[in-house]
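**Q** Structure file model_19.txt (compact mmCIF, C-alpha atoms) is given on the next line.
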```
# COMPACT_ATOMS: atom_id res chain seq x y z
CA MET P 200 137.38 93.29 67.95
CA ARG P 201 140.62 92.29 69.66
CA PRO P 202 143.60 92.50 67.30
CA LEU P 203 146.95 91.30 68.49
CA SER P 204 149.24 94.16 69.39
CA ARG P 205 152.97 93.95 68.78
CA PHE P 206 155.36 96.69 69.73
CA PHE P 207 159.09 96.89 70.10
CA THR P 208 161.06 99.16 72.40
CA ASN P 209 164.36 100.87 71.87
CA TYR P 210 166.00 102.37 74.93
CA LEU P 211 168.58 105.11 74.28
CA LYS P 212 171.29 104.43 76.83
CA GLN P 213 172.41 108.05 77.12
CA PRO P 214 169.96 110.09 79.22
CA ILE P 215 168.44 113.13 77.57
CA ILE P 216 168.43 115.03 80.87
CA SER P 217 171.03 113.97 83.40
CA ASN P 218 170.76 117.12 85.52
CA PRO P 219 167.04 117.98 85.83
CA SER P 220 167.75 120.91 88.19
CA THR P 221 169.06 122.95 85.26
CA PHE P 222 166.39 121.81 82.82
CA PHE P 223 164.29 124.50 81.11
CA PHE P 224 160.63 123.51 81.10
CA ARG P 225 157.26 124.77 79.91
CA MET P 226 153.79 123.97 81.18
CA ALA P 227 152.26 120.82 79.69
CA SER P 228 149.64 121.06 76.99
CA THR P 229 147.53 118.33 75.45
CA SER P 230 148.95 119.29 72.04
CA TYR P 231 152.27 117.83 73.15
CA ARG P 232 150.83 114.53 74.29
CA VAL P 233 151.74 111.31 72.48
CA SER P 234 149.39 110.21 69.70
CA ALA P 235 149.43 106.96 67.72
CA VAL P 236 147.68 107.93 64.50
CA PRO P 237 148.39 105.30 61.82
CA PRO P 238 150.37 106.26 58.71
CA ILE P 239 148.24 107.49 55.80
CA HIS P 240 148.38 105.31 52.68
CA ARG P 241 145.46 106.12 50.36
CA LEU P 242 144.74 103.18 48.07
CA GLU P 243 143.31 103.10 44.58
CA PRO P 244 140.34 100.79 43.84
CA GLY P 245 141.59 97.21 43.70
CA GLU P 246 145.06 98.10 45.00
CA PRO P 247 146.23 95.46 47.50
CA LEU P 248 146.80 96.30 51.13
CA ASN P 249 150.47 96.39 52.14
CA ARG P 250 150.68 95.78 55.88
CA ASP P 251 154.39 96.71 56.00
CA GLU P 252 153.46 100.32 55.25
CA PHE P 253 151.94 100.56 58.71
CA ARG P 254 155.18 100.42 60.66
CA LYS P 255 155.67 103.50 62.79
CA SER P 256 158.13 104.46 65.53
CA ILE P 257 157.06 106.90 68.24
CA SER P 258 159.65 108.53 70.48
CA VAL P 259 158.43 109.21 74.00
CA PHE P 260 160.09 110.30 77.22
CA GLY P 261 160.24 108.45 80.50
CA LEU P 262 161.83 108.30 83.91
CA LYS P 263 164.49 105.69 84.56
CA ILE P 264 163.55 104.38 87.99
CA PRO P 265 164.74 101.62 90.32
CA ALA P 266 162.68 98.48 89.73
CA SER P 267 161.99 98.20 93.46
CA ARG P 268 160.23 101.60 93.48
CA THR P 269 157.98 101.06 90.44
CA THR P 270 154.70 100.90 92.37
CA GLU P 271 155.68 103.92 94.46
CA PHE P 272 156.26 106.14 91.42
CA MET P 273 153.17 104.92 89.58
CA ARG P 274 151.04 105.97 92.56
CA THR P 275 152.67 109.37 92.81
CA LYS P 276 149.98 112.02 92.47
CA GLU P 277 152.08 114.27 90.24
CA LEU P 278 152.73 111.43 87.76
CA LYS P 279 149.32 109.79 87.49
CA GLY P 280 147.94 112.15 84.85
CA SER P 281 151.19 112.22 82.89
CA LEU P 282 151.81 108.51 82.29
CA LEU P 283 151.69 107.20 78.73
CA GLN P 284 148.08 106.65 77.65
CA LEU P 285 148.49 104.74 74.39
CA PRO P 286 146.03 101.81 74.29
CA LYS P 287 147.62 98.35 74.53
CA ILE P 288 151.06 99.79 75.36
CA LYS P 289 152.54 99.06 78.78
CA THR P 290 153.47 102.07 80.88
CA VAL P 291 156.41 100.33 82.56
CA VAL P 292 159.20 98.89 80.41
CA GLN P 293 161.86 96.47 81.64
CA LEU P 294 165.31 97.23 80.32
CA GLU P 295 167.11 94.48 78.47
CA GLY P 296 170.10 93.31 80.50
CA ASP P 297 169.23 95.48 83.50
CA ASN P 298 166.87 93.82 85.95
CA ASP P 299 167.34 96.55 88.54
CA ALA P 300 165.89 99.40 86.46
CA ARG P 301 162.64 100.24 84.70
CA ILE P 302 161.46 103.03 82.43
CA LEU P 303 158.22 104.71 83.45
CA LEU P 304 156.87 106.02 80.15
CA LEU P 305 155.38 109.51 80.04
CA ASP P 306 152.74 110.92 77.72
CA PHE P 307 155.08 113.49 76.12
CA TYR P 308 157.22 113.43 73.01
CA GLN P 309 159.02 116.77 73.44
CA ALA P 310 161.50 117.10 76.29
CA ASP P 311 161.04 120.84 76.73
CA ARG P 312 157.30 120.36 77.25
CA LEU P 313 157.56 118.21 80.36
CA PRO P 314 155.63 119.66 83.33
CA GLU P 315 157.61 121.29 86.13
CA GLU P 316 156.41 118.75 88.71
CA ILE P 317 157.86 115.84 86.69
CA VAL P 318 161.22 117.57 86.38
CA GLU P 319 161.16 118.25 90.10
CA ILE P 320 160.46 114.58 90.91
CA ALA P 321 163.40 113.58 88.71
CA ARG P 322 165.67 116.11 90.43
CA GLN P 323 164.68 115.13 93.99
CA ASN P 324 165.09 111.40 93.29
CA GLN P 325 168.15 111.72 91.06
CA LEU P 326 166.35 110.07 88.14
CA ASP P 327 167.37 110.30 84.49
CA ILE P 328 164.82 111.53 81.95
CA VAL P 329 165.39 109.30 78.93
CA SER P 330 164.08 108.83 75.40
CA HIS P 331 162.33 105.60 74.51
CA ALA P 332 161.10 104.34 71.12
CA VAL P 333 157.77 102.53 70.79
CA ASP P 334 157.55 100.74 67.43
CA LEU P 335 154.04 99.97 66.16
CA ASP P 336 152.94 97.86 63.21
CA TYR P 337 149.74 96.91 61.36
CA SER P 338 148.50 94.72 64.20
CA TYR P 339 148.32 97.67 66.62
CA TRP P 340 145.53 99.65 64.93
CA THR P 341 141.84 98.80 64.76
CA ALA P 342 139.97 97.98 61.56
CA GLU P 343 138.34 101.41 61.61
CA GLU P 344 141.70 103.18 61.95
CA ILE P 345 143.23 101.19 59.07
CA LEU P 346 140.26 101.87 56.80
CA LYS P 347 140.32 105.61 57.59
CA SER P 348 143.98 105.75 56.60
CA THR P 349 143.55 103.82 53.33
CA LEU P 350 140.18 104.92 51.88
CA PRO P 351 139.83 108.18 49.92
CA GLU P 352 139.03 111.10 52.22
CA SER P 353 135.66 111.58 50.51
CA LEU P 354 134.52 108.13 51.72
CA ILE P 355 135.63 108.36 55.35
CA GLU P 356 132.78 110.31 56.94
CA ASP P 357 130.01 107.79 56.15
CA MET P 358 132.27 104.75 56.17
CA PRO P 359 130.44 101.55 57.24
CA THR P 360 131.95 100.03 60.37
CA ALA P 361 129.39 97.39 61.38
CA PHE P 362 129.02 93.80 60.25
CA THR P 363 126.95 90.78 61.25
CA LEU P 364 128.88 87.92 62.82
CA MET P 365 127.71 84.34 62.31
CA GLY P 366 130.12 81.71 63.52
CA HIS P 367 133.27 81.96 61.42
CA LEU P 368 131.63 84.30 58.89
CA ALA P 369 131.23 88.09 58.84
CA HIS P 370 128.48 89.57 56.67
CA VAL P 371 128.70 93.17 55.41
CA ASN P 372 126.33 95.23 53.31
CA LEU P 373 128.45 97.72 51.37
CA ARG P 374 126.83 100.62 49.54
CA ASP P 375 127.65 101.18 45.88
CA GLU P 376 130.31 103.85 46.49
CA TYR P 377 132.33 101.41 48.63
CA LEU P 378 132.17 98.44 46.26
CA PRO P 379 135.46 99.38 44.48
CA TYR P 380 137.11 98.85 47.89
CA LYS P 381 135.20 95.71 48.91
CA TYR P 382 138.30 93.53 49.04
CA LEU P 383 140.01 96.08 51.27
CA PHE P 384 137.05 95.99 53.69
CA GLY P 385 137.05 92.20 53.62
CA GLN P 386 140.77 91.83 54.27
CA VAL P 387 140.86 94.34 57.13
CA ILE P 388 137.82 92.79 58.85
CA LEU P 389 139.36 89.33 58.46
CA ASP P 390 142.70 90.49 59.85
CA LYS P 391 141.25 92.24 62.87
CA ASN P 392 138.82 89.61 64.16
CA ARG P 393 140.04 86.37 65.65
CA GLY P 394 138.07 83.29 64.69
CA LEU P 395 136.86 84.67 61.36
CA ARG P 396 137.56 82.61 58.26
CA SER P 397 135.22 84.26 55.74
CA VAL P 398 133.87 87.72 54.93
CA VAL P 399 130.93 88.03 52.52
CA ASN P 400 129.12 90.99 51.00
CA LYS P 401 125.45 91.02 50.12
CA THR P 402 124.79 91.68 46.44
CA ASP P 403 121.79 93.45 44.93
CA ASN P 404 120.32 90.16 43.77
CA ILE P 405 117.48 88.77 45.91
CA ASP P 406 115.98 85.34 45.45
CA THR P 407 112.37 86.38 44.86
CA THR P 408 110.90 82.99 45.80
CA PHE P 409 112.73 82.24 49.04
CA ARG P 410 113.73 85.84 49.99
CA PHE P 411 117.38 85.25 50.87
CA PHE P 412 120.16 87.52 49.64
CA LYS P 413 122.82 86.33 47.29
CA MET P 414 126.36 87.15 48.34
CA GLU P 415 129.99 87.07 47.30
CA THR P 416 133.10 86.19 49.27
CA ILE P 417 135.38 89.25 49.61
CA ALA P 418 138.01 87.75 51.93
CA GLY P 419 139.05 84.37 53.26
CA GLU P 420 137.47 80.99 52.56
CA THR P 421 134.40 80.44 50.40
CA ASP P 422 132.60 78.61 53.19
CA THR P 423 129.06 79.71 54.04
CA MET P 424 128.15 76.77 56.31
CA VAL P 425 127.84 78.38 59.73
CA GLU P 426 126.95 77.47 63.29
CA VAL P 427 125.03 80.02 65.37
CA HIS P 428 124.02 79.89 69.02
CA GLU P 429 120.86 81.68 70.16
CA SER P 430 118.44 81.21 73.08
CA GLY P 431 120.44 78.24 74.30
CA CYS P 432 120.00 76.45 70.95
CA THR P 433 122.42 75.54 68.17
CA PHE P 434 121.59 76.29 64.54
CA ARG P 435 123.60 75.04 61.57
CA PHE P 436 122.84 76.14 58.01
CA ASP P 437 124.26 77.36 54.72
CA PHE P 438 123.95 81.14 54.93
CA ALA P 439 124.03 81.38 51.13
CA LYS P 440 120.83 79.31 50.84
CA VAL P 441 118.60 80.42 53.73
CA TYR P 442 117.52 83.56 55.56
CA TRP P 443 118.95 84.39 58.99
CA ASN P 444 119.17 87.70 60.84
CA SER P 445 121.13 87.70 64.10
CA ARG P 446 119.67 91.08 65.03
CA LEU P 447 116.26 89.44 65.52
CA GLY P 448 117.39 87.42 68.52
CA THR P 449 115.54 89.68 70.96
CA GLU P 450 112.32 89.39 68.94
CA HIS P 451 112.66 85.61 68.85
CA GLU P 452 112.96 85.51 72.64
CA ARG P 453 110.13 88.02 73.15
CA LEU P 454 107.65 85.99 71.15
CA VAL P 455 108.63 82.61 72.59
CA SER P 456 108.24 84.07 76.09
CA MET P 457 104.50 84.46 75.31
CA PHE P 458 104.05 80.72 74.77
CA GLN P 459 103.09 78.41 77.61
CA PRO P 460 104.53 74.90 78.05
CA GLY P 461 102.24 72.46 76.27
CA ASP P 462 100.97 75.03 73.73
CA LEU P 463 100.61 73.89 70.12
CA VAL P 464 102.30 76.48 67.90
CA ALA P 465 102.17 76.76 64.09
CA ASP P 466 105.14 78.57 62.52
CA VAL P 467 104.17 79.46 58.93
CA PHE P 468 107.56 80.80 57.76
CA ALA P 469 109.84 78.91 60.13
CA GLY P 470 113.18 79.28 58.36
CA VAL P 471 115.80 77.14 60.09
CA GLY P 472 113.93 77.29 63.40
CA PRO P 473 114.70 80.47 65.42
CA PHE P 474 111.13 80.46 66.82
CA ALA P 475 110.22 76.78 66.49
CA ILE P 476 113.19 75.18 68.24
CA PRO P 477 113.32 77.48 71.32
CA ALA P 478 109.53 77.01 71.63
CA ALA P 479 109.97 73.24 71.56
CA ARG P 480 112.74 73.50 74.15
CA LYS P 481 110.18 75.31 76.29
CA SER P 482 107.97 72.20 76.11
CA CYS P 483 105.70 73.50 73.35
CA LEU P 484 104.63 71.37 70.37
CA VAL P 485 105.30 72.94 66.97
CA PHE P 486 104.13 72.60 63.38
CA ALA P 487 107.03 74.26 61.54
CA ASN P 488 106.85 75.06 57.83
CA ASP P 489 108.97 76.78 55.21
CA LEU P 490 108.66 76.99 51.44
CA ASN P 491 112.43 76.96 50.95
CA PRO P 492 113.56 73.30 50.70
CA SER P 493 116.98 74.21 52.11
CA SER P 494 115.40 75.90 55.13
CA ALA P 495 113.17 72.89 55.76
CA GLU P 496 116.17 70.56 55.46
CA TYR P 497 118.30 72.51 57.96
CA LEU P 498 115.29 72.98 60.26
CA LEU P 499 114.87 69.21 60.44
CA GLN P 500 118.59 68.75 61.14
CA ASN P 501 118.53 71.44 63.83
CA CYS P 502 115.60 69.74 65.54
CA GLY P 503 117.75 66.63 65.91
CA GLU P 504 120.76 68.66 67.03
CA ASN P 505 118.68 70.26 69.80
CA ARG P 506 116.84 67.03 70.74
CA VAL P 507 113.35 68.29 69.94
CA GLN P 508 112.63 66.14 66.89
CA ASP P 509 109.64 64.52 68.65
CA ARG P 510 108.12 67.97 69.34
CA VAL P 511 108.53 69.64 65.93
CA ARG P 512 106.82 68.47 62.76
CA VAL P 513 108.52 69.94 59.68
CA THR P 514 106.77 70.60 56.35
CA ASN P 515 107.83 72.21 53.09
CA LEU P 516 104.64 73.90 51.86
CA ASP P 517 103.34 77.20 50.58
CA GLY P 518 102.18 79.39 53.48
CA ARG P 519 98.48 79.29 52.51
CA GLU P 520 98.54 75.56 52.06
CA PHE P 521 100.16 75.16 55.46
CA ILE P 522 97.59 77.40 57.21
CA ASN P 523 94.72 75.54 55.56
CA SER P 524 96.08 72.11 56.45
CA SER P 525 97.41 72.87 59.95
CA VAL P 526 93.99 73.09 61.64
CA ILE P 527 92.88 69.64 60.41
CA GLU P 528 96.40 68.31 61.05
CA ALA P 529 96.01 69.24 64.71
CA LEU P 530 92.60 67.56 64.91
CA ASP P 531 93.38 64.33 63.07
CA ARG P 532 97.14 63.88 63.53
CA PRO P 533 98.11 65.47 66.84
CA PHE P 534 101.41 64.85 68.60
CA VAL P 535 101.13 61.66 70.65
CA ASN P 536 103.46 59.73 72.93
CA VAL P 537 105.54 62.84 73.59
CA GLN P 538 107.79 62.57 76.64
CA PRO P 539 108.35 65.63 78.88
CA ILE P 540 111.67 67.42 78.33
CA GLN P 541 114.22 66.41 80.94
CA SER P 542 117.66 67.76 81.71
CA SER P 543 120.68 65.45 81.55
CA LYS P 544 120.73 65.38 85.38
CA GLN P 545 117.08 64.33 85.50
CA ARG P 546 117.68 61.55 82.96
CA ALA P 547 120.75 60.35 84.84
CA ARG P 548 118.86 60.30 88.16
CA GLN P 549 115.98 58.42 86.57
CA ALA P 550 118.36 55.79 85.19
CA ARG P 551 120.32 55.52 88.45
CA LEU P 552 117.20 55.03 90.56
CA LYS P 553 115.58 52.83 87.90
CA GLN P 554 112.51 55.02 87.91
CA PRO P 555 109.77 54.55 85.32
CA PRO P 556 109.66 57.13 82.50
CA PRO P 557 107.53 60.22 83.20
CA LYS P 558 103.97 60.39 81.98
CA GLU P 559 103.43 61.32 78.36
CA GLU P 560 102.28 64.86 77.74
CA PRO P 561 98.57 65.52 77.05
CA VAL P 562 97.45 65.44 73.42
CA GLN P 563 96.85 68.95 72.02
CA ARG P 564 94.36 69.40 69.18
CA VAL P 565 94.00 73.18 69.33
CA ILE P 566 96.59 75.56 67.88
CA ARG P 567 97.27 78.37 70.36
CA HIS P 568 99.63 80.55 68.30
CA TYR P 569 100.42 81.18 64.65
CA VAL P 570 103.83 82.79 63.94
CA MET P 571 104.11 84.67 60.64
CA ASN P 572 107.59 86.17 60.55
CA LEU P 573 107.86 87.30 56.93
CA PRO P 574 107.45 91.10 57.23
CA ALA P 575 107.60 91.81 53.50
CA SER P 576 104.52 89.74 52.65
CA ALA P 577 103.09 87.91 55.69
CA ILE P 578 100.03 90.15 55.77
CA GLU P 579 99.05 88.86 52.31
CA PHE P 580 98.53 85.37 53.78
CA LEU P 581 95.93 86.39 56.37
CA ASP P 582 93.12 85.63 53.94
CA ALA P 583 93.88 81.92 54.39
CA PHE P 584 92.50 81.84 57.94
CA PRO P 585 88.76 82.16 57.11
CA GLN P 586 89.10 79.17 54.80
CA ALA P 587 91.08 77.18 57.35
CA PHE P 588 88.70 77.78 60.25
CA GLY P 589 85.31 78.19 58.62
CA ALA P 590 85.02 76.90 55.09
CA SER P 591 86.60 73.44 55.11
CA GLU P 592 84.75 70.11 55.12
CA ARG P 593 85.52 69.83 58.84
CA SER P 594 84.23 73.30 59.70
CA LYS P 595 81.64 71.98 62.16
CA ASP P 596 84.24 70.09 64.23
CA ILE P 597 86.69 73.00 63.99
CA LYS P 598 84.16 75.61 65.12
CA GLU P 599 83.04 73.47 68.04
CA ILE P 600 86.48 72.78 69.49
CA TYR P 601 87.69 76.36 69.03
CA ARG P 602 84.42 77.68 70.48
CA ILE P 603 85.31 75.82 73.65
CA GLU P 604 89.10 76.34 73.68
CA GLY P 605 89.28 79.82 72.12
CA MET P 606 90.77 81.03 68.83
CA PRO P 607 94.55 81.16 68.31
CA THR P 608 96.65 84.32 68.50
CA VAL P 609 98.16 85.25 65.12
CA HIS P 610 101.55 87.00 65.34
CA CYS P 611 101.92 88.67 61.94
CA HIS P 612 105.13 90.64 61.41
CA CYS P 613 104.92 93.68 59.12
CA PHE P 614 107.08 96.60 58.05
CA THR P 615 106.22 100.20 58.93
CA ARG P 616 108.14 103.44 59.29
CA GLU P 617 105.77 104.73 61.97
CA LEU P 618 106.94 104.65 65.60
CA ASP P 619 103.60 105.58 67.15
CA ALA P 620 101.49 102.45 67.74
CA GLN P 621 98.26 103.97 66.40
CA ARG P 622 99.94 105.36 63.28
CA ALA P 623 101.75 102.07 62.72
CA ALA P 624 98.44 100.18 62.83
CA GLU P 625 96.88 102.61 60.35
CA ASP P 626 99.89 102.35 58.06
CA ILE P 627 99.80 98.55 58.06
CA LEU P 628 96.05 98.43 57.33
CA LYS P 629 96.32 100.73 54.28
```
Starting from the file, give its structure as structure tokens.

**A**
Amino acid sequence: MRPLSRFFTNYLKQPIISNPSTFFFRMASTSYRVSAVPPIHRLEPGEPLNRDEFRKSISVFGLKIPASRTTEFMRTKELKGSLLQLPKIKTVVQLEGDNDARILLLDFYQADRLPEEIVEIARQNQLDIVSHAVDLDYSYWTAEEILKSTLPESLIEDMPTAFTLMGHLAHVNLRDEYLPYKYLFGQVILDKNRGLRSVVNKTDNIDTTFRFFKMETIAGETDTMVEVHESGCTFRFDFAKVYWNSRLGTEHERLVSMFQPGDLVADVFAGVGPFAIPAARKSCLVFANDLNPSSAEYLLQNCGENRVQDRVRVTNLDGREFINSSVIEALDRPFVNVQPIQSSKQRARQARLKQPPPKEEPVQRVIRHYVMNLPASAIEFLDAFPQAFGASERSKDIKEIYRIEGMPTVHCHCFTRELDAQRAAEDILK
């Protein structure tokens, strides 16, 4: 989160302390340090946010120093711990119309609380201690600070601060007690994050067939077509029509790292391709399936976008039907005439030297991995494997080739609350 910060300075020409040797001081205390807490403006549900209410002027003290000695004073041991520490605010201010002087801002807002050593430095160097105004506005504070100053106090402690970023879109999941303030959350998140154009909130409604969450736009444009980059691949899809979870990126990479180049992989619940496309980019061959027509459509488009369309075969079937058909599909309709993946440099060198194309990759008729990334119900599809491998009309051929090559590894994702591996296994098998 990197909001733009605007601040305006106001230098009081008359010094507050022109004779520091006679100045009465007290020892510094952190309670007298400068703080930039935003103004408090508690809003009612549905009340619009007024950014102008977040203008605030903070008066601080500083030393008026010769411009030529700025670095010298900033490195002075006695001053280092007393310089202004407000985030995003410069410690050294150039005076308007006076190029020969600077103000070195100090982290104190009460003149009689300045430490003795600072007063002594001013006295020895004949420096004026002056007052300086730092004016802040809405752009200075973070989203969290704005929300804490506008929400009811009862909602601050457990206030949600995280969101999922997908291209130009931010996705939040607000609990019921925060829904009356959903437009406030949306507007603040939109304001404080460059590049965002839309903020959406997940509703309670779940599409029971295709398992994606319905959502509503709470700020910005109603545009749910996003572009996401993961594992060196580009994915485009309508977030309102398909399932995508950016927090699963590590799991996608972990599983794909287990595949070997040339492996034939069957992805039962492929979505828009977070497993299938990186696997194909790794020189695997992939049968990729999803029941959701929109997912299958965007998966096919993403294969073309990532130049793996000859390595991924997309289907739009029920999971059981796909498992049952995939084994025979591999035997009777394997990938053929597949060229090895080459980088742009390799292709350019081949064309420049007029080299013949590389040899086609070997035909693979044995599935090495099944991916079943549907934690809510994937385990219910495991009963399709006995039929696929042992009870079809081609069972003799299937048993023979897999007896020689070995059975595939099935990666079935499931939910469990248990952290211990043994307990998790027992919980899943119940």

**Q** What's the separation between CA of Val609 in chain P and CA of Asn536 in chain P, in Å to one decimal place?

**A**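 Straight-line distance from CA of Val609 in chain P to CA of Asn536 in chain P works out to 27.2 Å.
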
**Q** Which polymer residues have any atom within 12 Å of an atom of range 334-344 of chain P, counting only C-alpha atoms, with same-chain residues fewer than 2 positions away left out, as JSON, numbers by chain?

**A** {"P": [200, 201, 202, 203, 204, 205, 206, 207, 208, 209, 210, 234, 235, 236, 237, 238, 239, 240, 248, 249, 250, 251, 252, 253, 254, 255, 256, 257, 258, 259, 285, 286, 287, 288, 331, 332, 346, 347, 348, 349, 350, 355, 356, 357, 358, 359, 360, 361, 362, 383, 384, 385, 386, 387, 388, 389, 390, 391, 392, 393]}

**Q** Extract, using all atoms listed in the file, all DNA, RNA and protein residues at most 9 Å from range 427-430 of chain P, discarding same-chain residues fewer than 2 positions from it, and format them as a ChimeraX atom specification.

**A** /P:365-366,425,432-436,445,448,451-452,473,477

**Q** Could you pull the residues within 8 Å of Leu326 in chain P, counting all atoms listed in the file, minus those fewer than 3 positions along the same chain, as a PyMOL selection string?

**A** chain P and resi 217+262-264+320-323

**Q** Looking at P:Phe486, P:Tyr497, P:Phe458, P:Phe580, which one is nearest to Phe438 in chain P, with distances taken over all atoms listed in the file?

**A**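 With all atoms listed in the file as the atom set, the closest residue is P:Tyr497.
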
**Q** What gap, in Å, lies between CA of Pro561 in chain P and CA of Asp462 in chain P?

**A** 10.4 Å

**Q** From the set P:Ile540, P:Val371, P:Val464, P:Cys613, which residue has the shortest atom-to-atom contact distance to Gln563 in chain P, counting only C-alpha atoms?

**A** P:Val464

**Q** Could you tell me how far CA of Leu304 in chain P sits from CA of Ser330 in chain P, in Å to one decimal place?

**A**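 Between CA of Ser330 in chain P and CA of Leu304 in chain P the gap is 9.1 Å.
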
**Q** Please supply range 591-597 of chain P, rebuilt with all heavy atoms, as a JSON list (two decimals), in the coordinates of the input.

**A**
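Contents of the output file selection.json:
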```json
[["chain", "number", "residue", "atom", "x", "y", "z"],
["P", 591, "SER", "N", 86.14, 74.77, 55.51],
["P", 591, "SER", "CA", 86.60, 73.44, 55.11],
["P", 591, "SER", "C", 85.51, 72.40, 55.38],
["P", 591, "SER", "O", 84.49, 72.69, 56.00],
["P", 591, "SER", "CB", 87.87, 73.07, 55.89],
["P", 591, "SER", "OG", 87.54, 72.84, 57.25],
["P", 592, "GLU", "N", 85.75, 71.17, 54.92],
["P", 592, "GLU", "CA", 84.75, 70.11, 55.12],
["P", 592, "GLU", "C", 84.62, 69.72, 56.59],
["P", 592, "GLU", "O", 83.66, 69.06, 56.98],
["P", 592, "GLU", "CB", 85.12, 68.88, 54.28],
["P", 592, "GLU", "CG", 86.37, 68.14, 54.73],
["P", 592, "GLU", "CD", 87.64, 68.74, 54.13],
["P", 592, "GLU", "OE1", 87.55, 69.81, 53.52],
["P", 592, "GLU", "OE2", 88.69, 68.09, 54.26],
["P", 593, "ARG", "N", 85.57, 70.13, 57.41],
["P", 593, "ARG", "CA", 85.52, 69.83, 58.84],
["P", 593, "ARG", "C", 85.14, 71.05, 59.65],
["P", 593, "ARG", "O", 85.42, 71.12, 60.85],
["P", 593, "ARG", "CB", 86.89, 69.32, 59.30],
["P", 593, "ARG", "CG", 87.37, 68.05, 58.61],
["P", 593, "ARG", "CD", 86.60, 66.83, 59.08],
["P", 593, "ARG", "NE", 86.70, 66.67, 60.51],
["P", 593, "ARG", "CZ", 87.76, 66.14, 61.14],
["P", 593, "ARG", "NH1", 88.79, 65.72, 60.42],
["P", 593, "ARG", "NH2", 87.75, 66.01, 62.43],
["P", 594, "SER", "N", 84.50, 72.03, 59.03],
["P", 594, "SER", "CA", 84.23, 73.30, 59.70],
["P", 594, "SER", "C", 83.41, 73.13, 60.97],
["P", 594, "SER", "O", 83.61, 73.84, 61.95],
["P", 594, "SER", "CB", 83.52, 74.27, 58.74],
["P", 594, "SER", "OG", 82.29, 73.73, 58.30],
["P", 595, "LYS", "N", 82.48, 72.17, 60.98],
["P", 595, "LYS", "CA", 81.64, 71.98, 62.16],
["P", 595, "LYS", "C", 82.50, 71.55, 63.36],
["P", 595, "LYS", "O", 82.37, 72.10, 64.47],
["P", 595, "LYS", "CB", 80.57, 70.93, 61.88],
["P", 595, "LYS", "CG", 79.61, 70.73, 63.04],
["P", 595, "LYS", "CD", 78.51, 69.72, 62.69],
["P", 595, "LYS", "CE", 77.56, 69.52, 63.87],
["P", 595, "LYS", "NZ", 76.47, 68.56, 63.56],
["P", 596, "ASP", "N", 83.36, 70.56, 63.15],
["P", 596, "ASP", "CA", 84.24, 70.09, 64.23],
["P", 596, "ASP", "C", 85.19, 71.19, 64.67],
["P", 596, "ASP", "O", 85.46, 71.37, 65.87],
["P", 596, "ASP", "CB", 85.05, 68.88, 63.76],
["P", 596, "ASP", "CG", 84.16, 67.68, 63.45],
["P", 596, "ASP", "OD1", 83.05, 67.61, 64.03],
["P", 596, "ASP", "OD2", 84.57, 66.84, 62.64],
["P", 597, "ILE", "N", 85.74, 71.94, 63.68],
["P", 597, "ILE", "CA", 86.69, 73.00, 63.99],
["P", 597, "ILE", "C", 86.04, 74.10, 64.81],
["P", 597, "ILE", "O", 86.58, 74.54, 65.85],
["P", 597, "ILE", "CB", 87.28, 73.58, 62.68],
["P", 597, "ILE", "CG1", 88.14, 72.53, 61.97],
["P", 597, "ILE", "CG2", 88.12, 74.83, 62.97],
["P", 597, "ILE", "CD1", 88.56, 72.92, 60.57]]
```
